[in-house]
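K.L.:
I am sharing structure_34.txt, which consists of compact mmCIF, C-alpha atoms and all ligand atoms:
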# COMPACT_ATOMS: atom_id res chain seq x y z
CA MET A 4 14.95 15.79 -54.74
CA THR A 5 18.08 14.49 -53.07
CA ALA A 6 21.24 13.71 -55.06
CA PHE A 7 24.49 12.36 -53.68
CA ALA A 8 28.00 11.97 -55.12
CA PRO A 9 31.06 10.58 -53.30
CA GLY A 10 34.61 11.92 -53.16
CA ARG A 11 37.40 9.62 -54.21
CA VAL A 12 40.84 8.56 -53.13
CA ASN A 13 43.34 7.31 -55.66
CA LEU A 14 45.20 4.26 -54.38
CA ILE A 15 47.72 4.34 -57.22
CA GLY A 16 48.17 5.78 -60.73
CA ASP A 17 48.50 9.57 -60.64
CA HIS A 18 48.98 11.86 -63.63
CA THR A 19 48.18 8.91 -65.90
CA ASP A 20 44.53 9.63 -66.75
CA TYR A 21 45.17 12.41 -69.28
CA ALA A 22 47.97 10.26 -70.75
CA GLY A 23 45.62 7.40 -71.61
CA GLY A 24 47.20 5.27 -68.87
CA LEU A 25 45.95 3.32 -65.84
CA ALA A 26 44.82 4.22 -62.32
CA LEU A 27 43.20 2.42 -59.40
CA PRO A 28 41.06 4.83 -57.37
CA MET A 29 37.98 4.15 -55.24
CA ALA A 30 34.92 6.22 -54.38
CA ILE A 31 34.80 6.86 -50.62
CA ASP A 32 32.21 7.13 -47.90
CA LEU A 33 32.62 10.92 -47.74
CA GLY A 34 30.49 12.80 -50.21
CA THR A 35 28.30 15.70 -51.20
CA THR A 36 24.52 15.84 -50.98
CA VAL A 37 22.25 18.33 -52.74
CA VAL A 38 18.71 18.62 -51.37
CA GLY A 39 16.13 20.83 -53.02
CA ALA A 40 13.35 21.20 -55.55
CA PRO A 41 12.78 22.57 -59.06
CA THR A 42 11.44 26.12 -59.33
CA ASP A 43 9.79 28.22 -62.03
CA GLU A 44 12.41 30.97 -61.70
CA PRO A 45 15.15 30.38 -64.39
CA VAL A 46 17.93 30.30 -61.78
CA VAL A 47 19.81 27.60 -59.84
CA ARG A 48 20.17 28.81 -56.22
CA LEU A 49 22.21 26.78 -53.78
CA THR A 50 23.39 27.50 -50.28
CA SER A 51 26.30 25.55 -48.83
CA ASP A 52 27.20 24.67 -45.24
CA ASP A 53 30.84 25.42 -46.08
CA GLN A 54 30.40 28.74 -47.86
CA PRO A 55 29.28 32.16 -46.60
CA GLU A 56 27.73 33.17 -49.93
CA PRO A 57 25.21 31.22 -52.01
CA ALA A 58 25.59 30.19 -55.66
CA VAL A 59 23.03 31.99 -57.83
CA VAL A 60 23.38 30.85 -61.43
CA PRO A 61 21.01 31.69 -64.32
CA ILE A 62 20.09 28.53 -66.26
CA ASP A 63 21.43 30.17 -69.44
CA VAL A 64 24.79 31.06 -67.82
CA GLY A 65 27.47 31.91 -70.39
CA ASP A 66 31.04 31.67 -69.12
CA PRO A 67 31.19 29.72 -65.82
CA SER A 68 34.74 30.89 -65.03
CA THR A 69 33.59 34.47 -64.39
CA VAL A 70 30.88 33.59 -61.85
CA ALA A 71 31.27 34.61 -58.17
CA PRO A 72 31.75 33.44 -55.44
CA SER A 73 34.39 30.98 -56.66
CA TRP A 74 32.58 27.80 -55.51
CA ALA A 75 29.60 28.86 -57.66
CA ARG A 76 31.80 28.43 -60.76
CA TYR A 77 31.52 24.66 -60.37
CA VAL A 78 27.75 24.95 -60.09
CA ALA A 79 27.79 27.23 -63.16
CA GLY A 80 29.97 24.78 -65.10
CA VAL A 81 27.41 22.06 -64.48
CA VAL A 82 24.45 24.29 -65.28
CA ALA A 83 26.14 25.33 -68.55
CA GLU A 84 26.66 21.66 -69.46
CA VAL A 85 23.28 20.28 -68.36
CA ALA A 86 21.34 23.30 -69.73
CA PRO A 87 18.33 22.60 -67.46
CA THR A 88 14.91 23.77 -68.62
CA HIS A 89 13.86 24.87 -65.13
CA GLY A 90 15.43 26.48 -62.09
CA PHE A 91 16.33 24.76 -58.81
CA ARG A 92 16.55 25.86 -55.20
CA GLY A 93 18.41 23.82 -52.63
CA ALA A 94 21.24 23.28 -50.18
CA VAL A 95 24.63 21.56 -50.41
CA HIS A 96 26.02 19.51 -47.51
CA SER A 97 29.43 17.92 -47.86
CA THR A 98 31.62 15.66 -45.78
CA VAL A 99 34.52 15.80 -48.29
CA PRO A 100 37.25 18.13 -47.02
CA ILE A 101 37.59 20.95 -49.60
CA GLY A 102 40.79 21.39 -51.61
CA SER A 103 42.45 18.32 -50.14
CA GLY A 104 42.79 16.09 -53.19
CA LEU A 105 39.70 13.99 -52.39
CA SER A 106 37.74 15.40 -55.33
CA SER A 107 35.37 17.67 -53.45
CA SER A 108 34.74 19.53 -56.71
CA ALA A 109 33.90 16.34 -58.68
CA ALA A 110 31.46 15.33 -55.93
CA LEU A 111 29.83 18.77 -56.07
CA GLU A 112 29.61 18.71 -59.86
CA LEU A 113 28.00 15.28 -60.06
CA ALA A 114 25.55 15.88 -57.21
CA VAL A 115 24.46 19.19 -58.76
CA ALA A 116 24.13 17.62 -62.22
CA LEU A 117 21.84 14.88 -60.88
CA ALA A 118 19.84 17.42 -58.85
CA VAL A 119 19.17 19.77 -61.77
CA GLY A 120 18.02 16.97 -64.07
CA PHE A 121 20.98 15.29 -65.83
CA GLU A 122 19.84 12.16 -67.67
CA GLY A 123 22.33 9.60 -68.93
CA ASP A 124 24.65 6.79 -67.93
CA PRO A 125 27.46 7.13 -65.33
CA LEU A 126 30.19 7.55 -67.99
CA ALA A 127 28.25 10.40 -69.60
CA LEU A 128 27.76 11.94 -66.15
CA ALA A 129 31.52 11.70 -65.50
CA ARG A 130 32.39 13.32 -68.83
CA LEU A 131 29.90 16.11 -68.22
CA GLY A 132 31.46 16.71 -64.79
CA GLN A 133 34.95 16.83 -66.31
CA ARG A 134 33.86 19.42 -68.88
CA ALA A 135 32.18 21.44 -66.12
CA GLU A 136 35.37 21.33 -64.01
CA GLN A 137 37.53 22.43 -66.94
CA ARG A 138 35.19 25.29 -67.80
CA ALA A 139 34.89 26.40 -64.17
CA SER A 140 38.53 26.20 -63.16
CA GLY A 141 40.43 26.50 -66.43
CA VAL A 142 42.49 23.46 -65.33
CA PRO A 143 42.77 20.78 -68.05
CA CYS A 144 41.97 17.94 -65.63
CA GLY A 145 41.60 14.32 -66.69
CA LEU A 146 38.57 12.08 -66.16
CA MET A 147 39.65 10.10 -63.09
CA ASP A 148 37.90 12.08 -60.35
CA GLN A 149 34.52 12.32 -62.02
CA LEU A 150 34.63 8.75 -63.36
CA THR A 151 35.37 7.36 -59.90
CA SER A 152 32.67 9.46 -58.27
CA ALA A 153 30.15 8.39 -60.93
CA CYS A 154 31.02 4.68 -61.09
CA GLY A 155 32.26 3.70 -57.61
CA ILE A 156 31.41 0.22 -56.33
CA ALA A 157 31.17 -0.52 -52.59
CA GLY A 158 34.07 -2.66 -51.37
CA HIS A 159 36.03 -2.23 -54.61
CA GLY A 160 38.66 -0.11 -56.24
CA LEU A 161 38.28 0.59 -59.96
CA LEU A 162 41.13 -0.41 -62.25
CA ILE A 163 40.53 2.21 -64.96
CA ASP A 164 42.07 2.15 -68.43
CA PHE A 165 41.93 5.72 -69.74
CA ALA A 166 42.83 4.62 -73.26
CA THR A 167 39.28 3.25 -73.52
CA ASP A 168 37.57 4.79 -70.44
CA THR A 169 36.68 1.31 -69.20
CA TRP A 170 37.12 -0.13 -65.72
CA THR A 171 37.31 -3.41 -63.82
CA PRO A 172 36.30 -3.66 -60.16
CA VAL A 173 39.09 -4.93 -57.88
CA PRO A 174 37.99 -6.01 -54.38
CA ILE A 175 39.71 -4.25 -51.48
CA PRO A 176 40.94 -7.08 -49.22
CA ALA A 177 38.99 -7.38 -45.97
CA ASP A 178 42.19 -7.29 -43.92
CA ALA A 179 43.26 -3.94 -45.39
CA GLU A 180 42.29 -0.49 -44.23
CA VAL A 181 42.58 2.60 -46.43
CA VAL A 182 43.58 5.69 -44.48
CA VAL A 183 43.60 9.23 -45.81
CA VAL A 184 45.88 11.72 -44.07
CA HIS A 185 45.71 15.45 -44.74
CA SER A 186 49.13 17.07 -44.96
CA GLY A 187 47.84 20.42 -43.77
CA GLU A 188 49.12 22.01 -46.99
CA ALA A 189 46.26 23.46 -49.01
CA ARG A 190 46.34 22.33 -52.60
CA ALA A 191 45.16 24.78 -55.22
CA LEU A 192 44.94 22.94 -58.54
CA ALA A 193 44.30 26.10 -60.52
CA GLY A 194 47.41 27.78 -59.19
CA SER A 195 49.54 24.70 -59.60
CA ALA A 196 51.74 23.40 -62.35
CA TYR A 197 49.10 20.85 -63.39
CA ALA A 198 48.67 22.29 -66.90
CA GLU A 199 52.42 22.40 -67.36
CA ARG A 200 52.74 18.72 -66.38
CA ARG A 201 49.98 17.79 -68.79
CA ALA A 202 51.69 19.76 -71.58
CA ALA A 203 54.95 17.87 -70.94
CA VAL A 204 53.13 14.53 -71.13
CA GLU A 205 51.50 15.60 -74.39
CA ALA A 206 54.86 16.73 -75.78
CA ALA A 207 56.27 13.29 -74.98
CA ALA A 208 53.31 11.62 -76.69
CA THR A 209 53.83 13.60 -79.90
CA ARG A 210 57.33 12.13 -79.98
CA ILE A 211 56.78 8.48 -78.94
CA GLY A 212 53.00 7.99 -79.20
CA PRO A 213 50.39 7.63 -76.44
CA LEU A 214 52.23 6.96 -73.17
CA GLY A 215 49.60 4.43 -72.10
CA SER A 216 51.00 2.04 -74.69
CA ALA A 217 54.62 3.27 -74.86
CA THR A 218 57.60 1.30 -73.55
CA LEU A 219 60.61 2.53 -71.58
CA ASP A 220 63.07 1.81 -74.42
CA ARG A 221 61.45 4.65 -76.41
CA LEU A 222 62.41 7.27 -73.79
CA ASP A 223 65.79 7.91 -75.44
CA GLU A 224 63.94 9.43 -78.39
CA ILE A 225 62.81 12.33 -76.18
CA ASP A 226 65.46 15.08 -76.24
CA ASP A 227 64.26 17.28 -73.38
CA PRO A 228 65.43 15.66 -70.10
CA VAL A 229 62.48 17.07 -68.12
CA VAL A 230 59.92 15.78 -70.63
CA ARG A 231 61.74 12.42 -70.60
CA ARG A 232 61.39 12.15 -66.81
CA ARG A 233 57.70 13.09 -66.94
CA ALA A 234 57.14 10.35 -69.53
CA ARG A 235 59.15 7.85 -67.48
CA HIS A 236 56.85 8.49 -64.54
CA VAL A 237 53.74 7.78 -66.62
CA ILE A 238 55.12 4.59 -68.20
CA THR A 239 56.45 3.17 -64.92
CA GLU A 240 53.30 4.23 -63.05
CA ASP A 241 51.20 2.13 -65.43
CA GLN A 242 53.41 -0.86 -64.59
CA ARG A 243 52.94 -0.18 -60.88
CA VAL A 244 49.15 0.09 -61.25
CA ARG A 245 49.08 -3.34 -62.92
CA ALA A 246 51.30 -4.86 -60.24
CA PHE A 247 49.22 -3.22 -57.48
CA ALA A 248 45.97 -4.59 -58.91
CA GLU A 249 47.49 -8.09 -59.08
CA ALA A 250 48.78 -7.78 -55.51
CA LEU A 251 45.32 -6.74 -54.24
CA ARG A 252 43.70 -9.67 -56.06
CA ALA A 253 46.27 -12.04 -54.55
CA GLY A 254 45.81 -10.49 -51.09
CA ASP A 255 49.53 -9.60 -51.03
CA LEU A 256 49.39 -6.37 -49.05
CA THR A 257 53.16 -6.14 -48.67
CA LEU A 258 53.64 -6.05 -52.43
CA ALA A 259 50.73 -3.61 -52.84
CA GLY A 260 52.32 -1.29 -50.26
CA HIS A 261 55.68 -1.54 -51.99
CA GLU A 262 54.13 -0.34 -55.27
CA MET A 263 52.51 2.62 -53.48
CA VAL A 264 55.84 3.75 -52.07
CA ALA A 265 57.50 3.35 -55.49
CA SER A 266 54.69 5.46 -56.96
CA HIS A 267 55.35 8.22 -54.45
CA GLU A 268 59.06 8.16 -55.26
CA SER A 269 58.33 8.48 -58.98
CA LEU A 270 55.89 11.35 -58.35
CA ARG A 271 58.59 13.03 -56.26
CA GLU A 272 61.63 12.43 -58.48
CA ASP A 273 60.36 12.17 -62.04
CA PHE A 274 57.07 14.06 -61.96
CA GLU A 275 58.06 16.56 -59.24
CA VAL A 276 54.62 17.08 -57.74
CA SER A 277 55.46 16.19 -54.13
CA THR A 278 56.46 18.55 -51.32
CA PRO A 279 58.91 18.09 -48.41
CA ARG A 280 55.93 17.83 -46.06
CA LEU A 281 54.29 15.06 -48.14
CA ASP A 282 57.62 13.20 -48.30
CA ALA A 283 58.09 13.45 -44.52
CA LEU A 284 54.55 12.20 -43.87
CA VAL A 285 54.98 9.23 -46.22
CA ALA A 286 58.17 8.28 -44.31
CA GLU A 287 56.39 8.77 -40.97
CA LEU A 288 53.42 6.63 -42.01
CA CYS A 289 55.58 3.87 -43.48
CA ALA A 290 57.51 3.65 -40.20
CA MET A 291 54.30 2.89 -38.26
CA PRO A 292 53.71 -0.77 -37.41
CA GLY A 293 50.96 -2.22 -39.59
CA VAL A 294 51.26 0.38 -42.38
CA VAL A 295 52.23 -1.41 -45.61
CA GLY A 296 52.56 1.63 -47.88
CA ALA A 297 51.72 5.30 -48.37
CA ARG A 298 51.87 7.89 -51.13
CA LEU A 299 50.53 11.28 -52.10
CA THR A 300 47.14 10.99 -53.79
CA GLY A 301 45.67 13.12 -56.57
CA ALA A 302 47.47 15.96 -58.27
CA GLY A 303 50.03 16.53 -55.48
CA PHE A 304 51.45 19.95 -54.53
CA GLY A 305 50.04 19.40 -51.00
CA GLY A 306 46.68 17.92 -50.07
CA CYS A 307 46.27 14.35 -48.91
CA LEU A 308 48.22 11.13 -48.60
CA VAL A 309 46.75 7.67 -48.79
CA ALA A 310 48.04 4.74 -46.73
CA LEU A 311 47.25 1.04 -46.88
CA ALA A 312 47.34 -0.53 -43.46
CA GLU A 313 46.24 -3.34 -41.21
CA PRO A 314 42.98 -2.42 -39.47
CA GLY A 315 43.59 -0.11 -36.51
CA ALA A 316 47.20 0.68 -37.44
CA VAL A 317 46.55 4.42 -37.87
CA ALA A 318 44.36 6.10 -35.26
CA PRO A 319 41.71 8.38 -36.85
CA THR A 320 42.20 12.06 -35.91
CA GLY A 321 40.98 15.39 -37.23
CA ARG A 322 43.52 14.95 -40.03
CA ALA A 323 43.36 11.19 -40.64
CA TRP A 324 40.28 9.32 -41.81
CA VAL A 325 39.69 5.64 -42.36
CA VAL A 326 37.69 5.50 -45.60
CA HIS A 327 35.72 2.68 -47.20
CA ALA A 328 35.12 2.00 -50.87
CA ALA A 329 31.61 3.24 -51.68
CA ASP A 330 29.03 3.25 -54.45
CA GLY A 331 28.97 6.02 -57.04
CA ALA A 332 26.76 9.08 -57.58
CA ARG A 333 23.00 8.62 -57.47
CA ARG A 334 19.63 10.25 -56.92
CA ILE A 335 18.34 9.17 -53.54
CA ARG A 336 14.83 10.63 -53.89
CA SER A 337 13.22 12.34 -56.82
C1 LIG B 401 43.60 15.71 -60.40
C2 LIG B 401 42.86 15.66 -61.74
C3 LIG B 401 42.76 14.21 -62.22
C4 LIG B 401 44.13 13.53 -62.23
C5 LIG B 401 44.86 13.74 -60.90
C6 LIG B 401 46.27 13.23 -60.92
O1 LIG B 401 42.88 15.05 -59.40
O2 LIG B 401 41.55 16.18 -61.60
O3 LIG B 401 42.18 14.18 -63.52
O4 LIG B 401 44.91 13.97 -63.32
O5 LIG B 401 44.88 15.11 -60.53
O6 LIG B 401 46.28 11.85 -61.07
What does this structure look like when you write it as structure tokens?
Ligand code: GLA
P.N.:
Amino acid sequence: MTAFAPGRVNLIGDHTDYAGGLALPMAIDLGTTVVGAPTDEPVVRLTSDDQPEPAVVPIDVGDPSTVAPSWARYVAGVVAEVAPTHGFRGAVHSTVPIGSGLSSSAALELAVALAVGFEGDPLALARLGQRAEQRASGVPCGLMDQLTSACGIAGHGLLIDFATDTWTPVPIPADAEVVVVHSGEARALAGSAYAERRAAVEAAATRIGPLGSATLDRLDEIDDPVVRRRARHVITEDQRVRAFAEALRAGDLTLAGHEMVASHESLREDFEVSTPRLDALVAELCAMPGVVGARLTGAGFGGCLVALAEPGAVAPTGRAWVVHAADGARRIRS
């Protein structure tokens, strides 16, 4: 049995998924493969190229968040959700850099779920992965990472509406290159202010309704200035996602890049999830000839940036990868 799930990069629309808003991510050609076979022993045993210790998880695991080593929690979250009837022994190989904001954990979750016998459609797979992630990490993440990994389409970004969990493929123009640049700052979601940001967005929604359908003129009804700024980010980010999708469809890379930079500014000023290093790298990238726009991607607090550029504008290095929009999670051999 071989199962594969890709990482993802979000082109635009961050901290909108749990607000019922819009995002436009794509699955990438970096991913996680699980190779192995079912066993009679009631245990899922996985080794990983990236980890010194294996994951050894009983198929009736109780609380995934207490499992050790820490990477095995994600395996345990999936096992708890899939509730397989048999054990599994195998190995994990991944080309997604860990903890960088490219959804290495979503790729692991979905590949493990398919390997241990998950049956269902890609949306169900994504939701199972999200529950596994929340149980493993305690972070109340949204659905974007797992949905993109499950439903990716080669050559396309996915314009996702999280009010309905539906998506529309948007072709990535042939004259555009997507470049991911690692900031060098490790990003630890669990230790971050992610839950606090989500709570602020939810507080805003209790006042003015779901932010995915709210308008800017309602912001005055929010008393707390911090909550108001968080809500302003979500509402304006949805507008930018729409404009970005239109720009991609029209092949207007300059406009698309402009929306990405505006997104970064909103994430920095209103949502406060950027860092000085991410800001400096966005400025550096945008000053390079052929780069039309750049922004932090994912939760923020370090991790990766994404840039849209003319082919060849950014030279690949150990910290910069040209990525291509790829198909979603699948079993390669059963
Ligand atoms: C993380 C979460 C996603 C999403 C992004 C921010 O990647 O897992 O659900 O909220 O942050 O857009």
K.L.:
Compare A:Leu270, A:Ala40, A:Met4, A:Ala22 by their minimum atom-to-atom distance to Ala207 of chain A, counting all atoms listed in the file, and give me the closest one.
P.N.:
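Nearest candidate to Ala207 of chain A out of A:Leu270, A:Ala40, A:Met4, A:Ala22: A:Ala22.
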K.L.:
Could you name the residues that touch Pro292 of chain A at 9 Å or less, counting all atoms listed in the file, but leaving out those on the same chain fewer than 6 positions away, as number ranges by chain?
P.N.:
A: 312-313, 316-317
K.L.:
Determine, for each residue of chain A having at least one atom at most 6 Å from an atom of ligand LIG 401 (chain B), the closest pair of atoms and their separation in Å to one decimal, counting all atoms listed in the file; order by chain and ascending number, as a Markdown table.
P.N.:
| residue | atom | partner | partner_atom | distance |
| --- | --- | --- | --- | --- |
| A:Asp17 | CA | B:LIG401 | O6 | 3.2 |
| A:His18 | CA | B:LIG401 | O6 | 3.7 |
| A:Thr19 | CA | B:LIG401 | O6 | 6.0 |
| A:Asp20 | CA | B:LIG401 | O4 | 5.5 |
| A:Cys144 | CA | B:LIG401 | O3 | 4.3 |
| A:Gly145 | CA | B:LIG401 | O3 | 3.2 |
| A:Leu146 | CA | B:LIG401 | O3 | 4.9 |
| A:Met147 | CA | B:LIG401 | O3 | 4.8 |
| A:Asp148 | CA | B:LIG401 | C3 | 5.6 |
| A:Gly301 | CA | B:LIG401 | C6 | 4.4 |
| A:Ala302 | CA | B:LIG401 | O5 | 3.5 |
K.L.:
So which residues fall inside 12 Å of (23.4, 13.5, -59.7) if we count only C-alpha atoms? Mind giving them as a PyMOL selection string?
P.N.:
chain A and resi 4-9+34-38+81+85+109-125+127-129+131-132+149+152-154+331-337
K.L.:
What is the atom CA of Arg245 of chain A-atom CA of Pro28 of chain A distance in Å, reported with one decimal?
P.N.:
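Atom-to-atom, atom CA of Arg245 of chain A and atom CA of Pro28 of chain A are spaced 12.7 Å apart.
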K.L.:
Atom CA of Ala283 of chain A and atom CA of Gly24 of chain A, how far apart in Å?
P.N.:
27.9 Å
K.L.:
Pick out the residues sitting within 9 Å of Gly215 of chain A, and hand them over as a VMD selection string; count all atoms listed in the file, and ignore anything fewer than 3 positions along from it in its own chain.
P.N.:
chain A and resid 19 22 to 25 164 to 166 212 218 237 to 238 241
K.L.:
Please rebuild segment 91-101 of chain A with all heavy atoms and give the result as a PDB file, in the coordinates of the input.
P.N.:
ATOM      1  N   PHE A  91      16.219  25.705 -59.939  1.00  0.00           N
ATOM      2  CA  PHE A  91      16.330  24.760 -58.810  1.00  0.00           C
ATOM      3  C   PHE A  91      16.732  25.573 -57.600  1.00  0.00           C
ATOM      4  O   PHE A  91      17.525  26.508 -57.685  1.00  0.00           O
ATOM      5  CB  PHE A  91      17.407  23.711 -59.133  1.00  0.00           C
ATOM      6  CG  PHE A  91      17.505  22.605 -58.120  1.00  0.00           C
ATOM      7  CD1 PHE A  91      16.699  21.468 -58.239  1.00  0.00           C
ATOM      8  CD2 PHE A  91      18.390  22.685 -57.057  1.00  0.00           C
ATOM      9  CE1 PHE A  91      16.791  20.437 -57.299  1.00  0.00           C
ATOM     10  CE2 PHE A  91      18.472  21.662 -56.114  1.00  0.00           C
ATOM     11  CZ  PHE A  91      17.672  20.542 -56.247  1.00  0.00           C
ATOM     12  N   ARG A  92      16.165  25.205 -56.446  1.00  0.00           N
ATOM     13  CA  ARG A  92      16.550  25.860 -55.200  1.00  0.00           C
ATOM     14  C   ARG A  92      16.882  24.778 -54.182  1.00  0.00           C
ATOM     15  O   ARG A  92      16.073  23.844 -54.012  1.00  0.00           O
ATOM     16  CB  ARG A  92      15.404  26.724 -54.679  1.00  0.00           C
ATOM     17  CG  ARG A  92      15.698  27.414 -53.352  1.00  0.00           C
ATOM     18  CD  ARG A  92      14.435  28.083 -52.825  1.00  0.00           C
ATOM     19  NE  ARG A  92      14.130  29.294 -53.567  1.00  0.00           N
ATOM     20  CZ  ARG A  92      14.523  30.514 -53.178  1.00  0.00           C
ATOM     21  NH1 ARG A  92      15.225  30.667 -52.076  1.00  0.00           N
ATOM     22  NH2 ARG A  92      14.201  31.563 -53.891  1.00  0.00           N
ATOM     23  N   GLY A  93      18.058  24.882 -53.574  1.00  0.00           N
ATOM     24  CA  GLY A  93      18.410  23.820 -52.630  1.00  0.00           C
ATOM     25  C   GLY A  93      19.629  24.148 -51.804  1.00  0.00           C
ATOM     26  O   GLY A  93      20.123  25.283 -51.782  1.00  0.00           O
ATOM     27  N   ALA A  94      20.109  23.125 -51.101  1.00  0.00           N
ATOM     28  CA  ALA A  94      21.240  23.280 -50.180  1.00  0.00           C
ATOM     29  C   ALA A  94      22.248  22.166 -50.408  1.00  0.00           C
ATOM     30  O   ALA A  94      21.872  21.037 -50.736  1.00  0.00           O
ATOM     31  CB  ALA A  94      20.743  23.261 -48.745  1.00  0.00           C
ATOM     32  N   VAL A  95      23.522  22.507 -50.235  1.00  0.00           N
ATOM     33  CA  VAL A  95      24.630  21.560 -50.410  1.00  0.00           C
ATOM     34  C   VAL A  95      25.204  21.241 -49.024  1.00  0.00           C
ATOM     35  O   VAL A  95      25.500  22.148 -48.242  1.00  0.00           O
ATOM     36  CB  VAL A  95      25.740  22.194 -51.276  1.00  0.00           C
ATOM     37  CG1 VAL A  95      26.915  21.240 -51.423  1.00  0.00           C
ATOM     38  CG2 VAL A  95      25.199  22.614 -52.634  1.00  0.00           C
ATOM     39  N   HIS A  96      25.340  19.951 -48.737  1.00  0.00           N
ATOM     40  CA  HIS A  96      26.020  19.510 -47.510  1.00  0.00           C
ATOM     41  C   HIS A  96      27.137  18.592 -47.957  1.00  0.00           C
ATOM     42  O   HIS A  96      26.904  17.704 -48.768  1.00  0.00           O
ATOM     43  CB  HIS A  96      25.088  18.695 -46.600  1.00  0.00           C
ATOM     44  CG  HIS A  96      23.750  19.310 -46.390  1.00  0.00           C
ATOM     45  ND1 HIS A  96      23.525  20.280 -45.434  1.00  0.00           N
ATOM     46  CD2 HIS A  96      22.567  19.110 -47.017  1.00  0.00           C
ATOM     47  CE1 HIS A  96      22.252  20.636 -45.486  1.00  0.00           C
ATOM     48  NE2 HIS A  96      21.645  19.943 -46.441  1.00  0.00           N
ATOM     49  N   SER A  97      28.342  18.789 -47.423  1.00  0.00           N
ATOM     50  CA  SER A  97      29.430  17.920 -47.860  1.00  0.00           C
ATOM     51  C   SER A  97      30.272  17.443 -46.692  1.00  0.00           C
ATOM     52  O   SER A  97      30.521  18.193 -45.751  1.00  0.00           O
ATOM     53  CB  SER A  97      30.319  18.636 -48.868  1.00  0.00           C
ATOM     54  OG  SER A  97      31.247  17.706 -49.388  1.00  0.00           O
ATOM     55  N   THR A  98      30.690  16.191 -46.773  1.00  0.00           N
ATOM     56  CA  THR A  98      31.620  15.660 -45.780  1.00  0.00           C
ATOM     57  C   THR A  98      33.014  15.476 -46.384  1.00  0.00           C
ATOM     58  O   THR A  98      33.906  14.950 -45.736  1.00  0.00           O
ATOM     59  CB  THR A  98      31.117  14.301 -45.226  1.00  0.00           C
ATOM     60  OG1 THR A  98      30.854  13.424 -46.326  1.00  0.00           O
ATOM     61  CG2 THR A  98      29.849  14.475 -44.406  1.00  0.00           C
ATOM     62  N   VAL A  99      33.195  15.901 -47.652  1.00  0.00           N
ATOM     63  CA  VAL A  99      34.520  15.800 -48.290  1.00  0.00           C
ATOM     64  C   VAL A  99      35.308  17.055 -47.932  1.00  0.00           C
ATOM     65  O   VAL A  99      34.853  18.160 -48.242  1.00  0.00           O
ATOM     66  CB  VAL A  99      34.421  15.734 -49.830  1.00  0.00           C
ATOM     67  CG1 VAL A  99      35.770  15.352 -50.430  1.00  0.00           C
ATOM     68  CG2 VAL A  99      33.340  14.784 -50.282  1.00  0.00           C
ATOM     69  N   PRO A 100      36.478  16.910 -47.299  1.00  0.00           N
ATOM     70  CA  PRO A 100      37.250  18.130 -47.020  1.00  0.00           C
ATOM     71  C   PRO A 100      37.614  18.851 -48.326  1.00  0.00           C
ATOM     72  O   PRO A 100      38.040  18.213 -49.284  1.00  0.00           O
ATOM     73  CB  PRO A 100      38.509  17.616 -46.308  1.00  0.00           C
ATOM     74  CG  PRO A 100      38.404  16.140 -46.206  1.00  0.00           C
ATOM     75  CD  PRO A 100      37.142  15.688 -46.855  1.00  0.00           C
ATOM     76  N   ILE A 101      37.418  20.180 -48.363  1.00  0.00           N
ATOM     77  CA  ILE A 101      37.590  20.950 -49.600  1.00  0.00           C
ATOM     78  C   ILE A 101      39.078  21.167 -49.908  1.00  0.00           C
ATOM     79  O   ILE A 101      39.872  21.416 -49.007  1.00  0.00           O
ATOM     80  CB  ILE A 101      36.873  22.307 -49.461  1.00  0.00           C
ATOM     81  CG1 ILE A 101      35.354  22.054 -49.385  1.00  0.00           C
ATOM     82  CG2 ILE A 101      37.184  23.238 -50.632  1.00  0.00           C
ATOM     83  CD1 ILE A 101      34.568  23.267 -48.993  1.00  0.00           C
TER      84      ILE A 101
END
